[in-house]
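Just below is one structure, and these are the notes that go with it.
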Amino acid sequence: MSLVCAISNEVPEHPCVSPVSSQVFERRLIEKYIAENGTDPMNGQPLSEEQLVDIKVSHPIRPKAPSATSIPAILKSLQDEWDAVMLHSFTLRQQLQTTRQELSHALYQHDAACRVIARLTKEVTAAREALATLKPQAGLVAPQAVPASQPNAAGAGGEPMEISEQVGMTPEIIQKLQDKATILTTERKKRGKTVPEELVRAEDLSKYRQVASHAGLHSASVPGILALDLCPSDTNKVLTGGADKNVVVFDKSEEQIVATLKGHTKKVTSVIYHPSQSVVFSASPDNTIRVWSVAGGNCVQVVRAHEGGVTGLSLHATGDYLLSSSEDQYWAFSDIQTGRVLTKVTDESAGCALTCAQFHPDGLIFGTGTADSQIKIWDLKERTNVANFPGHSGPVTSIAFSENGYYLATGAQDSSVKLWDLRKLKNFKTINLDNNYEVKSLVFDQSGTYLAVGGSDIRVYICKQWSEVLNFTDHTGLVTGVAFGENAQFLTSAGMDRSLKFYSL
């Protein structure tokens, strides 16, 4: 049996054997390989020259080198080339397998790191929200809750009212509300019945057409804008709340988003823009009311006034207090600076959810709509129900007071809008709409001259005559919010088709 070198595949002149792989090598070749790699070429294990064992054999007779002058010689050369190529291919496959393993390990580590970062980010966000909630209450006296056994206040017609909390509704606050109401009443009397000269006339309003439409404010994955408001001091600033749980501030003149406010865990159903501060408010079925800083783009206060979804919001004329209604059958009056609930009241005799809430322009009374078609008027100082307006045949969806404080417009799921005279406490006009018309939003302009109705379409009526001057059907979905620009220079609307639209000449 002849010895063959495992490297050159030829008979070695100085054969030796590797104790690591038990293979025979030409000493000259194996020493050179060990000097370069320090391993056995067959199995890659460490090997040194001292470990090599010489093989004692008689002087070998090397075969003559084949020449390419015969077919067997050519086949031999081709076989050698093929073997070399196969050896090189095997080496490359080993290197590829090693690289794949290293890449798989690196990807696994990256995925684990991403999960850790996501968890930490979520914890940081939760901690910031908790801090924002607790910070304003630091150093304040803990609110004293009124026991449930406290005598009930008497409402209209002797109806019992359960006042579940009376936290800080002090004489000073009541006096502040009274002083503001006196100022507002005086200013309104000075204005009298005069209409602002800058107000758009009805004949010009009837020529309004859609001039802009923006569909990229909210997520397309959960489409729908559910709430709309304009900044009273700058009606170019538009506030929307969406089904995607976000609140968006949009600049009409710049045609760009100013801020996207995230924090609610359910859809946003009510939004309000503060008239004098860079602050907005939002409410959601997640039972919370959030106060946001537009400049900072963050939540500065979370008001937890209810144990059910919040259905309505209204800001008091002082700009310091917030009225909210809820599915838990309560309305609440809260301080926006501290996040404390000052008072919280329900009508036990009614026993049904509240669907909307709106302050009277003077701020001493307000209205709420109920799921059983009732409109209730409340005295804020006494926290009692002073009047009820029956007449609708479905859940009340929207209410709006006129600027002069005399009229109340209400809409419900009975395809009608009713107008009420607050001086005579009676319904003096009913606008019957098309069958199956859904009323979602009612709003008077700042002068009380026009009333806009949003729902299955958009309609604008001129007050006193109550005749229709406008009708828009540009939205492809239900209209959930309408609002007038300053002096009715433009009209804006938002709907379930995810679009915010503007109308003017």
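Ligands are numbered from 1 in the order shown, residues from 1 within each chain, and chains are lettered A, B, ... in the order they appear in the structure tokens.
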
Tell me, counting only C-alpha atoms, for each residue of stretch 365-442 of chain A within 7 Å of stretch 347-358 of chain A, which pair of atoms is nearest and how far apart they are in Å to one decimal, in rows ordered by chain and increasing number, as JSON lines.
{"residue": "A:Phe366", "atom": "CA", "partner": "A:Gln358", "partner_atom": "CA", "distance": 5.7}
{"residue": "A:Gly367", "atom": "CA", "partner": "A:Gln358", "partner_atom": "CA", "distance": 5.4}
{"residue": "A:Thr368", "atom": "CA", "partner": "A:Ala357", "partner_atom": "CA", "distance": 4.3}
{"residue": "A:Gly369", "atom": "CA", "partner": "A:Cys356", "partner_atom": "CA", "distance": 5.1}
{"residue": "A:Thr370", "atom": "CA", "partner": "A:Leu354", "partner_atom": "CA", "distance": 4.4}
{"residue": "A:Ala371", "atom": "CA", "partner": "A:Ala353", "partner_atom": "CA", "distance": 5.6}
{"residue": "A:Asp372", "atom": "CA", "partner": "A:Cys352", "partner_atom": "CA", "distance": 6.9}
{"residue": "A:Val396", "atom": "CA", "partner": "A:Thr355", "partner_atom": "CA", "distance": 6.5}
{"residue": "A:Thr397", "atom": "CA", "partner": "A:Thr355", "partner_atom": "CA", "distance": 6.4}
{"residue": "A:Ser398", "atom": "CA", "partner": "A:Cys356", "partner_atom": "CA", "distance": 6.1}
{"residue": "A:Ile399", "atom": "CA", "partner": "A:Gln358", "partner_atom": "CA", "distance": 6.7}
{"residue": "A:Ala400", "atom": "CA", "partner": "A:Gln358", "partner_atom": "CA", "distance": 6.6}

Produce a file of the selected residues containing C-alpha atoms, as a PDB file, in the first residue's frame.
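That gives us part.pdb:
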ATOM      1  CA  PHE A 366     -76.199  75.343  31.182  1.00  0.00           C
ATOM      2  CA  GLY A 367     -78.030  72.650  29.280  1.00  0.00           C
ATOM      3  CA  THR A 368     -77.560  68.903  29.032  1.00  0.00           C
ATOM      4  CA  GLY A 369     -79.074  66.404  26.627  1.00  0.00           C
ATOM      5  CA  THR A 370     -80.075  62.912  27.693  1.00  0.00           C
ATOM      6  CA  ALA A 371     -80.358  59.518  26.063  1.00  0.00           C
ATOM      7  CA  ASP A 372     -84.146  59.540  26.690  1.00  0.00           C
ATOM      8  CA  VAL A 396     -80.333  64.235  22.080  1.00  0.00           C
ATOM      9  CA  THR A 397     -77.184  64.566  19.957  1.00  0.00           C
ATOM     10  CA  SER A 398     -76.337  68.288  20.145  1.00  0.00           C
ATOM     11  CA  ILE A 399     -77.407  71.541  21.828  1.00  0.00           C
ATOM     12  CA  ALA A 400     -76.323  75.152  21.207  1.00  0.00           C
TER      13      ALA A 400
END

**Request:** Fewer than 4 positions away in the same chain doesn't count, so skip those; otherwise give me all residues within 9 Å of A:Thr430, counting only C-alpha atoms, as a PyMOL selection string.
**Result:** chain A and resi 416-420

**Message:** So the first atom is atom CA of A:Asp445 and the second is atom CA of A:Phe484; what is the distance between them in Å, to one decimal place?
**Reply:** 5.6 Å

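If you measure from each of A:Ala305, A:Val443, A:Ala227, A:Ile183 to A:Val268 using only C-alpha atoms, the closest one turns out to be A:Ala227.
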
**Message:** Quick one: residues within 8 Å of A:Phe359, only C-alpha atoms, excluding same-chain residues fewer than 6 positions away - as an NGL selection string?
**Reply:** :A and (314-316 or 323 or 365-367 or 401)

**Prompt:** Which residues, written as a VMD selection string, have at least one atom at most 12 Å from A:Thr194, with only C-alpha atoms counted and residues fewer than 6 positions away on the same chain left out?
**Reply:** chain A and resid 188 404 447 to 449

Kindly save the residues from that selection, with C-alpha atoms included, as a PDB file, in the first residue's frame.
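The resulting file, again_26.pdb, is shown below:
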ATOM      1  CA  ARG A 188     -74.431  92.223  25.518  1.00  0.00           C
ATOM      2  CA  ASN A 404     -77.882  86.733  22.777  1.00  0.00           C
ATOM      3  CA  SER A 447     -73.242  87.179  16.410  1.00  0.00           C
ATOM      4  CA  GLY A 448     -76.163  84.765  16.711  1.00  0.00           C
ATOM      5  CA  THR A 449     -77.324  85.568  13.164  1.00  0.00           C
TER       6      THR A 449
END

**Request:** Please provide the set of residues having any atom within 10 Å of A:Gly44, restricted to only C-alpha atoms, with same-chain residues fewer than 4 positions apart removed, written as a PyMOL selection string.
**Result:** chain A and resi 20-21+37-40

**Asked** Can you list, as a PyMOL selection string, every protein, DNA or RNA residue that comes within 10 Å of A:Val57 when you count only C-alpha atoms, leaving out same-chain residues fewer than 3 positions away?
**Response** chain A and resi 3+13-15+54+60

**Nearest to A:Ile462, chosen from A:Lys440, A:Lys193, A:Arg201, A:Arg27, with only C-alpha atoms counted in the distances** = A:Arg201

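The list of residues with at least one atom within 9 Å of A:Met169, based on only C-alpha atoms and without residues fewer than 3 positions apart in the same chain, reads Gln166, Glu172, Ile173, Ile174, Leu342, Thr343 and Lys381 of chain A.
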
Please, could you write that set of residues out with N, CA, C and O atoms as an mmCIF file, in the first residue's frame?
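New file selection.cif:
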data_model
loop_
_atom_site.group_PDB
_atom_site.id
_atom_site.type_symbol
_atom_site.label_atom_id
_atom_site.label_comp_id
_atom_site.auth_asym_id
_atom_site.auth_seq_id
_atom_site.Cartn_x
_atom_site.Cartn_y
_atom_site.Cartn_z
ATOM 1 N N GLN A 166 -68.778 67.674 46.454
ATOM 2 C CA GLN A 166 -68.760 69.135 46.465
ATOM 3 C C GLN A 166 -67.379 69.552 46.923
ATOM 4 O O GLN A 166 -67.168 69.911 48.069
ATOM 5 N N GLU A 172 -66.160 81.985 47.018
ATOM 6 C CA GLU A 172 -65.293 82.793 46.143
ATOM 7 C C GLU A 172 -65.473 82.397 44.678
ATOM 8 O O GLU A 172 -65.525 83.251 43.796
ATOM 9 N N ILE A 173 -65.568 81.095 44.432
ATOM 10 C CA ILE A 173 -65.764 80.633 43.051
ATOM 11 C C ILE A 173 -67.134 81.079 42.544
ATOM 12 O O ILE A 173 -67.262 81.572 41.416
ATOM 13 N N ILE A 174 -68.159 80.928 43.373
ATOM 14 C CA ILE A 174 -69.508 81.337 42.967
ATOM 15 C C ILE A 174 -69.546 82.833 42.675
ATOM 16 O O ILE A 174 -70.172 83.276 41.703
ATOM 17 N N LEU A 342 -64.899 70.136 41.107
ATOM 18 C CA LEU A 342 -65.468 71.011 42.129
ATOM 19 C C LEU A 342 -66.855 70.545 42.551
ATOM 20 O O LEU A 342 -67.220 70.649 43.716
ATOM 21 N N THR A 343 -67.635 70.067 41.599
ATOM 22 C CA THR A 343 -68.942 69.515 41.939
ATOM 23 C C THR A 343 -69.355 68.516 40.870
ATOM 24 O O THR A 343 -68.926 68.623 39.711
ATOM 25 N N LYS A 381 -74.901 77.656 40.147
ATOM 26 C CA LYS A 381 -74.627 78.049 41.531
ATOM 27 C C LYS A 381 -75.377 77.150 42.527
ATOM 28 O O LYS A 381 -74.817 76.731 43.537
#

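The nearest approach to A:Val271 among the residues A:Ser402, A:Asn432, A:Thr240, A:Thr288, with only C-alpha atoms taken into account, belongs to A:Thr240.
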
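Minimum atom-to-atom distances from A:Ile272, A:Ala35, A:Ala332, A:Val291 to A:Pro232 were compared using only C-alpha atoms, and the lowest value belongs to A:Ile272.
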
**Item:** Every residue of stretch 210-415 of chain A that DSSP places in strand (DSSP E or B), as a ChimeraX atom specification
**Value:** /A:210-214,225-231,234-242,246-251,256-262,270-273,279-283,289-293,298-303,310-315,321-326,330-335,341-347,354-359,365-370,375-379,384-389,396-401,407-412

**Request:** Compare A:Ser415, A:Ser58, A:Phe472, A:Leu478 by their minimum atom-to-atom distance to A:His392, counting only C-alpha atoms, and give me the closest one.
**Result:** A:Ser415

**Asked** Looking only at the backbone, which of the residues in stretch 29-253 of chain A does DSSP tag as alpha helix (DSSP H), as a PyMOL selection string?
**Response** chain A and resi 29-37+71-134+171-191+202-205

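Using only C-alpha atoms for every distance, the candidate list A:Thr265, A:Ser278, A:Ser393, A:Ser206 yields A:Ser206 as the residue closest to A:Val460.
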